[in-house]
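One file, my_file_17.cif, is given below (mmCIF, C-alpha atoms).
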data_input
#
loop_
_atom_site.label_atom_id
_atom_site.label_comp_id
_atom_site.auth_asym_id
_atom_site.auth_seq_id
_atom_site.Cartn_x
_atom_site.Cartn_y
_atom_site.Cartn_z
CA GLN N 523 12.23 68.21 -4.18
CA VAL N 524 13.27 65.01 -2.45
CA THR N 525 14.12 62.63 -5.28
CA GLY N 526 16.82 60.27 -6.46
CA TYR N 527 19.35 58.19 -4.59
CA LEU N 528 20.02 58.16 -0.86
CA ASP N 529 23.53 58.42 0.60
CA ASP N 530 25.15 55.16 1.77
CA CYS N 531 22.46 53.16 -0.13
CA THR N 532 21.74 51.75 -3.56
CA CYS N 533 18.10 52.74 -3.25
CA ASP N 534 16.16 55.77 -4.49
CA VAL N 535 13.18 57.70 -3.12
CA GLU N 536 10.85 56.83 -6.01
CA THR N 537 11.24 53.04 -5.51
CA ILE N 538 10.37 53.39 -1.81
CA ASP N 539 7.34 55.61 -2.56
CA ALA N 540 5.85 53.16 -5.06
CA PHE N 541 6.53 50.11 -2.89
CA ASN N 542 5.27 51.65 0.35
CA ASN N 543 2.27 53.64 -0.80
CA TYR N 544 0.69 51.04 -3.07
CA LYS N 545 1.81 47.67 -1.70
CA LEU N 546 2.90 47.73 1.91
CA PHE N 547 1.11 50.61 3.64
CA PRO N 548 -2.51 49.32 3.21
CA ARG N 549 -1.65 45.83 4.52
CA LEU N 550 0.40 47.15 7.41
CA ASN N 551 -2.46 49.41 8.47
CA GLU N 552 -4.81 46.44 8.56
CA LEU N 553 -2.36 44.50 10.74
CA LEU N 554 -1.97 47.34 13.24
CA GLU N 555 -5.74 47.49 13.77
CA SER N 556 -5.80 43.92 15.09
CA ASP N 557 -6.07 43.28 18.84
CA TYR N 558 -2.57 41.84 19.11
CA PHE N 559 -0.93 45.00 17.75
CA ARG N 560 -3.16 47.74 19.14
CA TYR N 561 -2.48 47.18 22.86
CA TYR N 562 0.92 48.35 24.11
CA LYS N 563 2.03 48.18 27.73
CA VAL N 564 3.84 51.29 28.86
CA ASN N 565 4.86 53.03 32.06
CA LEU N 566 4.15 56.73 31.65
CA GLN N 567 4.87 57.46 35.31
CA LYS N 568 8.64 56.92 35.22
CA PRO N 569 10.56 59.97 36.44
CA CYS N 570 13.01 61.68 34.08
CA PRO N 571 16.44 60.20 34.90
CA PHE N 572 18.47 63.18 33.64
CA TRP N 573 16.99 66.35 35.06
CA ASP N 574 14.32 67.36 37.58
CA ASP N 575 11.28 67.96 35.53
CA ASN N 576 7.72 68.26 36.68
CA SER N 577 6.59 70.42 33.78
CA HIS N 578 3.80 68.45 32.19
CA CYS N 579 2.20 69.72 29.04
CA GLY N 580 -0.67 72.11 29.79
CA MET N 581 -2.48 71.42 26.52
CA ARG N 582 -5.57 69.30 26.84
CA ASP N 583 -4.68 67.46 23.63
CA CYS N 584 -1.75 65.94 25.49
CA ALA N 585 -4.55 64.26 27.43
CA VAL N 586 -7.07 61.77 26.15
CA GLN N 587 -10.68 61.70 27.33
CA PRO N 588 -11.62 58.18 28.44
CA CYS N 589 -15.32 58.99 28.54
CA PRO N 590 -17.60 56.66 26.58
CA SER N 591 -18.85 57.68 23.17
CA ASP N 592 -20.39 55.95 20.18
CA GLU N 593 -16.96 55.67 18.64
CA VAL N 594 -15.72 53.23 21.27
CA PRO N 595 -16.11 49.61 20.03
CA ASP N 596 -18.77 47.55 21.82
CA GLY N 597 -16.26 45.11 23.30
CA ILE N 598 -14.43 47.94 25.00
CA ARG N 599 -17.54 49.92 25.84
CA SER N 600 -19.09 46.99 27.72
CA GLY N 601 -15.89 46.59 29.74
CA SER N 602 -15.17 48.47 32.92
CA TYR N 603 -14.00 52.02 32.40
CA LYS N 604 -11.49 51.59 35.15
CA TYR N 605 -9.29 54.62 34.73
CA SER N 606 -7.41 54.80 38.01
CA GLU N 607 -7.72 53.30 41.48
CA GLU N 608 -9.75 56.26 42.70
CA ALA N 609 -12.08 56.55 39.75
CA ASN N 610 -15.24 54.78 40.85
CA ASN N 611 -17.79 56.33 38.59
CA LEU N 612 -18.00 58.05 35.25
CA ALA N 613 -18.20 61.60 36.55
CA GLU N 614 -15.00 61.10 38.51
CA GLU N 615 -13.34 59.59 35.48
CA CYS N 616 -14.17 62.58 33.31
CA GLU N 617 -12.61 64.78 35.97
CA GLU N 618 -9.62 62.45 36.11
CA ALA N 619 -9.25 62.63 32.33
CA LYS N 620 -8.83 66.37 32.52
CA ARG N 621 -5.79 65.77 34.67
CA LEU N 622 -3.07 66.73 32.26
CA GLY N 623 -1.46 64.18 30.04
CA ALA N 624 -3.88 61.36 30.74
CA VAL N 625 -3.88 58.43 28.37
CA ASP N 626 -6.98 56.36 27.63
CA ASP N 627 -6.31 52.87 28.98
CA SER N 628 -9.88 51.56 28.95
CA LEU N 629 -9.78 47.84 28.20
CA SER N 630 -12.59 45.31 28.25
CA LYS N 631 -12.50 42.40 30.71
CA GLU N 632 -11.94 39.90 27.85
CA THR N 633 -8.99 41.90 26.59
CA ARG N 634 -7.48 42.10 30.08
CA GLU N 635 -7.62 38.31 30.39
CA ALA N 636 -6.07 37.77 26.96
CA VAL N 637 -3.43 40.34 27.77
CA LEU N 638 -2.40 38.39 30.90
CA GLN N 639 -1.83 35.36 28.70
CA TRP N 640 0.28 37.37 26.22
CA ALA N 641 2.65 38.19 29.05
CA GLN N 642 3.45 34.49 29.42
CA HIS N 643 4.90 34.53 25.92
CA ASP N 644 7.37 37.26 26.81
CA ASP N 645 11.02 36.72 27.50
CA SER N 646 13.73 39.36 27.85
CA SER N 647 17.09 39.49 26.09
CA ASP N 648 19.94 41.79 25.23
CA SER N 649 18.41 44.91 23.71
CA PHE N 650 19.04 48.39 22.42
CA CYS N 651 16.34 49.86 24.63
CA GLU N 652 15.73 50.62 28.23
CA ALA N 653 12.48 48.68 28.20
CA ASP N 654 9.78 49.40 30.75
CA ASP N 655 9.39 46.87 33.50
CA ILE N 656 6.04 45.57 32.34
CA HIS N 657 5.40 43.98 35.73
CA SER N 658 5.61 47.36 37.46
CA PRO N 659 2.30 48.47 39.01
CA ASP N 660 2.67 51.71 37.03
CA ALA N 661 2.79 49.93 33.66
CA GLU N 662 -0.59 49.97 31.91
CA TYR N 663 -1.98 48.72 28.64
CA VAL N 664 -2.86 51.48 26.22
CA ASP N 665 -5.06 51.14 23.16
CA LEU N 666 -3.00 52.81 20.43
CA LEU N 667 -6.02 53.25 18.18
CA LEU N 668 -7.75 55.35 20.85
CA ASN N 669 -4.60 57.43 21.35
CA PRO N 670 -3.40 58.39 17.85
CA GLU N 671 -0.19 60.29 17.40
CA ARG N 672 -0.98 63.85 16.35
CA TYR N 673 -0.35 67.51 17.13
CA THR N 674 -0.87 68.22 20.83
CA GLY N 675 0.53 71.75 21.18
CA TYR N 676 3.59 70.38 23.02
CA LYS N 677 6.46 72.51 21.71
CA GLY N 678 8.81 75.30 22.72
CA PRO N 679 11.67 75.04 25.26
CA ASP N 680 10.56 71.73 26.80
CA ALA N 681 10.32 69.88 23.50
CA TRP N 682 13.52 71.55 22.26
CA LYS N 683 15.38 70.37 25.38
CA ILE N 684 14.51 66.73 24.59
CA TRP N 685 15.77 66.81 21.00
CA ASN N 686 18.78 68.91 21.95
CA SER N 687 19.77 66.36 24.57
CA ILE N 688 19.40 63.54 22.03
CA TYR N 689 21.48 65.21 19.31
CA GLU N 690 24.12 66.85 21.50
CA GLU N 691 24.81 64.01 23.90
CA ASN N 692 23.98 60.83 22.02
CA CYS N 693 24.83 61.22 18.34
CA PHE N 694 28.63 60.91 18.68
CA LYS N 695 28.94 64.62 17.82
CA PRO N 696 31.77 66.72 19.27
CA GLN N 697 30.62 69.83 21.17
CA ASN N 698 32.52 72.22 18.90
CA VAL N 699 30.61 71.08 15.80
CA LYS N 700 27.30 72.94 15.78
CA ARG N 701 24.14 71.46 14.33
CA PRO N 702 22.67 73.15 11.24
CA LEU N 703 20.12 75.86 12.05
CA ALA N 704 21.31 76.02 15.67
CA SER N 705 20.06 79.43 16.74
CA GLY N 706 22.40 82.22 17.72
CA ARG N 707 25.59 80.34 16.95
CA GLY N 708 26.77 81.98 13.76
CA ASP N 709 25.38 79.18 11.62
CA ASP N 710 27.46 78.48 8.50
CA GLY N 711 24.65 76.72 6.63
CA GLY N 712 25.66 73.42 8.19
CA GLN N 713 28.96 73.24 6.29
CA THR N 714 31.10 72.38 9.34
CA PHE N 715 28.51 69.87 10.50
CA TYR N 716 28.22 68.04 7.18
CA LYS N 717 31.99 68.04 6.73
CA TRP N 718 32.23 66.35 10.15
CA LEU N 719 29.41 63.90 9.28
CA LYS N 720 31.09 62.93 6.01
CA GLY N 721 34.34 62.28 7.85
CA VAL N 722 32.99 59.88 10.50
CA CYS N 723 32.60 56.12 10.03
CA VAL N 724 29.49 54.82 8.31
CA GLU N 725 28.01 53.51 11.59
CA LYS N 726 28.14 56.88 13.37
CA ARG N 727 26.78 58.61 10.29
CA ALA N 728 23.95 56.06 10.15
CA PHE N 729 23.18 56.63 13.84
CA TYR N 730 22.74 60.37 13.31
CA ARG N 731 20.63 59.80 10.21
CA LEU N 732 18.32 57.34 12.01
CA ILE N 733 17.66 59.85 14.79
CA SER N 734 17.16 62.67 12.28
CA GLY N 735 14.81 60.41 10.28
CA LEU N 736 12.80 59.61 13.41
CA HIS N 737 12.59 63.35 14.21
CA ALA N 738 11.41 64.07 10.65
CA SER N 739 8.83 61.29 10.81
CA ILE N 740 7.35 62.61 14.08
CA ASN N 741 7.21 66.13 12.60
CA ILE N 742 5.34 64.83 9.54
CA HIS N 743 2.73 63.15 11.78
CA LEU N 744 2.22 66.40 13.69
CA SER N 745 1.85 68.38 10.45
CA ALA N 746 -0.48 65.81 8.86
CA ARG N 747 -2.77 65.47 11.89
CA TYR N 748 -2.89 69.07 13.01
CA LEU N 749 -5.73 70.56 15.01
CA LEU N 750 -7.36 72.70 12.30
CA GLN N 751 -10.62 73.51 14.03
CA ASP N 752 -11.52 73.44 17.70
CA THR N 753 -15.06 74.44 18.56
CA TRP N 754 -17.44 73.23 21.25
CA SER N 755 -19.24 71.06 18.71
CA GLU N 756 -16.29 69.42 16.99
CA LYS N 757 -12.56 69.07 16.59
CA LYS N 758 -11.13 68.75 13.12
CA TRP N 759 -7.69 67.28 12.45
CA GLY N 760 -5.92 67.37 9.10
CA PRO N 761 -2.87 68.44 7.10
CA ASN N 762 -1.36 71.84 7.93
CA VAL N 763 0.71 72.87 4.93
CA THR N 764 2.25 75.93 6.62
CA GLU N 765 3.48 73.81 9.52
CA PHE N 766 4.89 71.26 7.08
CA GLN N 767 6.70 73.94 5.06
CA GLN N 768 8.23 75.53 8.15
CA ARG N 769 9.82 72.20 8.99
CA PHE N 770 10.78 70.91 5.53
CA ASP N 771 10.66 73.58 2.80
CA GLU N 772 14.11 73.89 1.18
CA VAL N 773 14.15 77.70 1.22
CA LEU N 774 12.64 78.17 4.70
CA THR N 775 15.00 75.61 6.26
CA ARG N 776 18.02 76.74 4.22
CA GLY N 777 18.39 73.34 2.56
CA GLU N 778 17.96 71.38 5.77
CA GLY N 779 14.38 70.15 5.13
CA PRO N 780 15.12 67.88 2.14
CA ARG N 781 18.07 66.37 4.04
CA ARG N 782 15.76 65.55 6.95
CA LEU N 783 13.32 63.88 4.59
CA LYS N 784 16.09 61.81 3.00
CA ASN N 785 16.99 60.65 6.51
CA LEU N 786 13.36 59.56 6.93
CA TYR N 787 13.77 57.34 3.85
CA PHE N 788 17.02 56.00 5.30
CA LEU N 789 15.17 55.07 8.52
CA TYR N 790 12.49 53.38 6.38
CA LEU N 791 15.13 51.23 4.66
CA ILE N 792 16.74 50.17 7.94
CA GLU N 793 13.42 49.13 9.53
CA LEU N 794 12.26 47.42 6.31
CA ARG N 795 15.53 45.47 6.21
CA ALA N 796 14.97 44.29 9.78
CA LEU N 797 11.49 43.01 8.84
CA SER N 798 12.91 41.06 5.92
CA LYS N 799 15.58 39.50 8.18
CA VAL N 800 13.28 38.43 11.02
CA LEU N 801 10.98 36.29 8.85
CA PRO N 802 12.38 32.90 10.11
CA PHE N 803 11.47 33.82 13.71
CA PHE N 804 7.79 34.38 12.82
CA GLU N 805 7.55 31.58 10.23
CA ARG N 806 7.96 28.78 12.78
CA PRO N 807 4.74 26.76 13.08
CA GLY N 808 4.93 27.00 16.88
CA PHE N 809 4.99 30.81 16.90
CA GLN N 810 1.61 32.31 17.84
CA LEU N 811 0.32 35.86 17.99
CA TYR N 812 -1.79 34.90 20.96
CA THR N 813 -4.92 36.84 21.95
CA GLY N 814 -7.21 33.92 22.76
CA ASN N 815 -9.32 34.22 19.61
CA GLU N 816 -8.01 31.29 17.55
CA SER N 817 -9.43 32.11 14.13
CA GLN N 818 -8.47 35.78 14.44
CA ASP N 819 -4.97 34.86 15.66
CA ALA N 820 -4.44 32.60 12.65
CA ALA N 821 -5.64 35.29 10.24
CA VAL N 822 -3.39 37.91 11.84
CA LYS N 823 -0.36 35.61 11.64
CA HIS N 824 -1.15 34.96 7.98
CA LEU N 825 -1.28 38.72 7.29
CA LEU N 826 1.92 39.25 9.27
CA LEU N 827 3.79 36.65 7.18
CA GLU N 828 2.40 38.18 4.00
CA ILE N 829 3.84 41.56 5.05
CA LEU N 830 7.23 40.03 5.94
CA HIS N 831 7.43 38.20 2.59
CA LEU N 832 6.53 41.46 0.89
CA ALA N 833 9.29 43.22 2.84
CA LYS N 834 11.71 40.51 1.72
CA SER N 835 10.74 41.01 -1.92
CA PHE N 836 11.80 44.69 -1.89
CA PRO N 837 14.37 45.00 -4.70
CA LEU N 838 16.86 47.50 -3.25
CA HIS N 839 17.47 46.56 0.38
CA PHE N 840 19.98 48.37 2.54
CA ASP N 841 23.17 46.32 2.89
CA GLU N 842 23.93 46.25 6.60
CA ASN N 843 27.08 44.19 6.00
CA SER N 844 28.99 47.46 5.78
CA PHE N 845 28.19 47.98 9.48
CA PHE N 846 30.84 46.96 12.02
CA ALA N 847 32.78 45.24 9.28
CA GLY N 848 36.33 46.33 10.21
CA ASN N 849 38.71 45.07 12.87
CA LYS N 850 36.74 42.64 15.09
CA LYS N 851 37.81 44.19 18.39
CA GLU N 852 37.13 47.74 17.19
CA ALA N 853 33.83 46.67 15.65
CA ALA N 854 32.66 45.06 18.92
CA LYS N 855 33.58 48.21 20.86
CA LEU N 856 31.74 50.43 18.37
CA LYS N 857 28.67 48.21 18.39
CA GLU N 858 28.51 48.40 22.20
CA GLU N 859 28.84 52.21 22.04
CA PHE N 860 26.06 52.28 19.46
CA ARG N 861 23.86 50.16 21.74
CA LEU N 862 24.51 52.30 24.84
CA HIS N 863 23.87 55.57 23.00
CA PHE N 864 20.58 54.23 21.73
CA LYS N 865 19.64 52.92 25.17
CA ASN N 866 20.25 56.40 26.54
CA ILE N 867 17.89 57.91 23.97
CA SER N 868 15.18 55.48 25.04
CA ARG N 869 15.64 56.73 28.64
CA ILE N 870 15.35 60.38 27.53
CA MET N 871 11.81 59.58 26.37
CA ASP N 872 10.79 59.46 30.05
CA CYS N 873 11.53 63.20 30.17
CA VAL N 874 8.91 64.13 27.57
CA GLY N 875 6.34 66.36 29.29
CA CYS N 876 3.33 65.48 27.13
CA PHE N 877 2.07 61.99 27.98
CA LYS N 878 0.76 61.25 24.51
CA CYS N 879 4.06 62.35 22.95
CA ARG N 880 5.87 60.27 25.58
CA LEU N 881 3.81 57.20 24.67
CA TRP N 882 4.63 57.46 20.96
CA GLY N 883 8.25 58.48 21.60
CA LYS N 884 8.81 55.42 23.77
CA LEU N 885 7.07 53.13 21.30
CA GLN N 886 9.02 54.42 18.29
CA THR N 887 12.42 54.26 19.99
CA GLN N 888 11.67 50.74 21.22
CA GLY N 889 10.61 49.79 17.68
CA LEU N 890 13.81 51.15 16.14
CA GLY N 891 15.87 49.54 18.92
CA THR N 892 14.20 46.21 18.10
CA ALA N 893 15.01 46.67 14.39
CA LEU N 894 18.68 47.25 15.29
CA LYS N 895 18.67 44.22 17.57
CA ILE N 896 17.39 42.12 14.63
CA LEU N 897 20.02 43.43 12.21
CA PHE N 898 22.79 42.66 14.70
CA SER N 899 21.45 39.15 15.44
CA GLU N 900 21.53 37.77 11.91
CA ASN N 901 23.67 34.75 12.83
CA LEU N 902 21.37 33.86 15.72
CA ILE N 903 18.26 34.19 13.54
CA GLU N 904 19.75 31.86 10.92
CA LYS N 905 20.23 29.21 13.61
CA ILE N 906 16.62 29.27 14.86
CA PRO N 907 15.27 25.68 14.89
CA GLU N 908 12.07 25.07 12.96
CA SER N 909 10.38 23.63 16.00
CA GLY N 910 10.96 24.04 19.70
CA PRO N 911 12.04 27.19 21.53
CA SER N 912 14.39 29.76 20.02
CA TYR N 913 16.96 30.23 22.78
CA GLY N 914 19.53 32.22 20.86
CA PHE N 915 17.19 34.91 19.54
CA GLN N 916 13.98 36.01 21.21
CA LEU N 917 11.52 38.87 20.84
CA THR N 918 9.06 39.79 23.57
CA ARG N 919 5.49 40.72 22.73
CA GLN N 920 6.43 44.31 23.66
CA GLU N 921 9.22 44.33 21.09
CA ILE N 922 7.00 42.80 18.40
CA VAL N 923 4.23 45.36 18.95
CA ALA N 924 6.76 48.23 19.03
CA LEU N 925 8.62 46.99 15.93
CA PHE N 926 5.52 46.90 13.71
CA ASN N 927 3.88 50.03 15.10
CA ALA N 928 7.13 52.01 14.76
CA PHE N 929 7.47 50.87 11.16
CA GLY N 930 3.79 51.72 10.71
CA ARG N 931 4.59 55.32 11.75
CA VAL N 932 7.48 55.59 9.26
CA SER N 933 5.37 54.00 6.53
CA THR N 934 2.61 56.53 7.32
CA SER N 935 5.12 59.38 7.02
CA VAL N 936 6.18 58.27 3.55
CA LYS N 937 2.49 58.08 2.55
CA GLU N 938 1.75 61.53 4.06
CA LEU N 939 4.62 63.01 2.05
CA GLU N 940 2.81 62.02 -1.12
CA ASN N 941 -0.29 63.81 0.25
CA PHE N 942 1.66 66.99 0.96
CA ARG N 943 3.28 66.84 -2.50
CA ASN N 944 -0.16 66.71 -4.13
CA ILE N 945 -1.54 69.54 -1.97
CA LEU N 946 1.47 71.75 -2.78
CA LYS N 947 1.20 70.92 -6.50
CA ASN N 948 -2.43 72.03 -6.53
CA MET N 949 -1.56 75.25 -4.71
CA ARG N 950 0.96 76.36 -7.33
#
Can you present the structure in this file as structure tokens?
Amino acid sequence: QVTGYLDDCTCDVETIDAFNNYKLFPRLNELLESDYFRYYKVNLQKPCPFWDDNSHCGMRDCAVQPCPSDEVPDGIRSGSYKYSEEANNLAEECEEAKRLGAVDDSLSKETREAVLQWAQHDDSSDSFCEADDIHSPDAEYVDLLLNPERYTGYKGPDAWKIWNSIYEENCFKPQNVKRPLASGRGDDGGQTFYKWLKGVCVEKRAFYRLISGLHASINIHLSARYLLQDTWSEKKWGPNVTEFQQRFDEVLTRGEGPRRLKNLYFLYLIELRALSKVLPFFERPGFQLYTGNESQDAAVKHLLLEILHLAKSFPLHFDENSFFAGNKKEAAKLKEEFRLHFKNISRIMDCVGCFKCRLWGKLQTQGLGTALKILFSENLIEKIPESGPSYGFQLTRQEIVALFNAFGRVSTSVKELENFRNILKNMR
């Protein structure tokens, strides 16, 4: 039911589907499996800055077992399975893994050494995100391929509190305007809310739609990689149509589901636009995706540039020139508000009780924050010299990994939608 044009854009759903599912998605997936993009440094130990919260998810799928198995690649398997300071042998590590919310951070010795060299390429600059201090002793590298985003059982009041805090306190919304489907508040089908949304400036409307799109994308991942079977011999993950319908079906969500999905497409366009704009930064001959394996690094850079050129070729890009285009002083004030609201959302991610959900929440908000930083740095990007350092505009390795992995998640959501459409068609 989600078809046609998107609000505030010249683009339609069908164009995005065809472009993403058949051209971009397969190449992007290949890129994200490379060493440079699969290791993300994150601090999952940061305390929640907004409320006292020790309630960690009690589901074991919030945790990840770091025990060896045939599925672990040789390079990683031969490395030390150092899981924590106290874990000296495998038996202890398996016990440690059962500690709730653990994340598998097993890295081989070679990878650790390469990773130390990546850090030398990092440099910080003005951003939309509260980035982790990657030099903190609590920050650890995580292999994203070993910790896929999927349904963990983390839901209910704790998860609701996170999203509620994001929407109610950070989306420029007045308290007296209730969100659609807000329980027990005499919901009017969202009429008051959408009247308010239509009346605000395009930037504030875009901010809400980006957050809603991110929320929709995460819900699609959880519905598409749902725990369908859990027996002692095997776990089976796959699409759960009922879960998907509860979140997005037009009738069950009283019209809200299709709007959420359109916001997902809006998020896709914004992140795609950022990729098309940042091409000059990556095209410089001196820019390296450094892991220490020269031939692999060159191949990965080649694939990366191919993806960015593909992004640039998209025919119906979002026109971000409508953003912050009014009175200069007002525009600067609004942009700063936008930045601070988004920064706050990135801090809320440290309140997520499920460590795996926290990992992906932090990565996706950092990725979107990096996309916004790119869109608001167009003048600086245009001035990047072909050789020598780029002082005006800089991306850290963290930002690069988050940017592409976050877009990978949104791209996956668009692809999964096609899957759900086909399943539902066959069910009729």
Could you spell out the hits of the PyMOL selection byres ((chain N and resi 559) around 12) on the shown file, as a PyMOL selection string? chain N and resi 550-558+560-563+637+640+663-667+811-813+819+822-823+826+885+919-928+930
Report the closest atom pair, with its distance in Å rounded to one decimal, for each residue of range 656-732 of chain N that has an atom no farther than 12 Å from range 779-782 of chain N; count only C-alpha atoms, sort by chain and then rising residue number, and write it as CSV.
residue,atom,partner,partner_atom,distance
N:Pro702,CA,N:Gly779,CA,10.7
N:Leu703,CA,N:Gly779,CA,10.7
N:Gly712,CA,N:Arg781,CA,11.2
N:Tyr716,CA,N:Arg781,CA,10.8
N:Tyr730,CA,N:Arg782,CA,10.8
N:Arg731,CA,N:Arg782,CA,8.2
N:Leu732,CA,N:Arg782,CA,10.0
Those same residues - C-alpha atoms - I'd like them written as a PDB file, keeping the file's coordinate frame.
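Below you can see part_4.pdb, which holds the result:
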ATOM      1  CA  PRO N 702      22.670  73.150  11.240  1.00  0.00           C
ATOM      2  CA  LEU N 703      20.120  75.860  12.050  1.00  0.00           C
ATOM      3  CA  GLY N 712      25.660  73.420   8.190  1.00  0.00           C
ATOM      4  CA  TYR N 716      28.220  68.040   7.180  1.00  0.00           C
ATOM      5  CA  TYR N 730      22.740  60.370  13.310  1.00  0.00           C
ATOM      6  CA  ARG N 731      20.630  59.800  10.210  1.00  0.00           C
ATOM      7  CA  LEU N 732      18.320  57.340  12.010  1.00  0.00           C
TER       8      LEU N 732
END
What lies within 8 Å of range 936-939 of chain N using only C-alpha atoms, ignoring chain neighbours under 2 positions off, as a ChimeraX atom specification? /N:539,542-543,547,742-743,746,787,932-934,941-943
Run the PyMOL selection byres ((chain N and resi 767) around 12) mentally over the shown coordinates, then write out the matched residues as a PyMOL selection string, using the chain letters and numbers from the document. chain N and resi 741-742+745-746+761-766+768-780+939+942-943+945-946
Carefully work through the PyMOL selection byres ((chain N and resi 844) around 12) for this structure and note down the residues it includes, as a PyMOL selection string. chain N and resi 530-531+723-725+728+840-843+845-848+853+897-898
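Proximity to Ile733 in chain N was assessed for N:Gly891, N:Pro802, N:Pro659, N:Pro837 counting only C-alpha atoms; the smallest distance is recorded for N:Gly891.
Nearest residue to Ser835 in chain N among N:Ser798, N:Ser755, N:Ser868, N:Asn565 is N:Ser798, counting all atoms listed in the file.
Among the candidates N:Val800, N:Leu856, N:Leu791, N:Ala893, the one nearest to Phe915 in chain N when counting only C-alpha atoms is N:Val800.
Relative to CA of Lys700 in chain N, CA of Phe715 in chain N is found at 6.2 Å.
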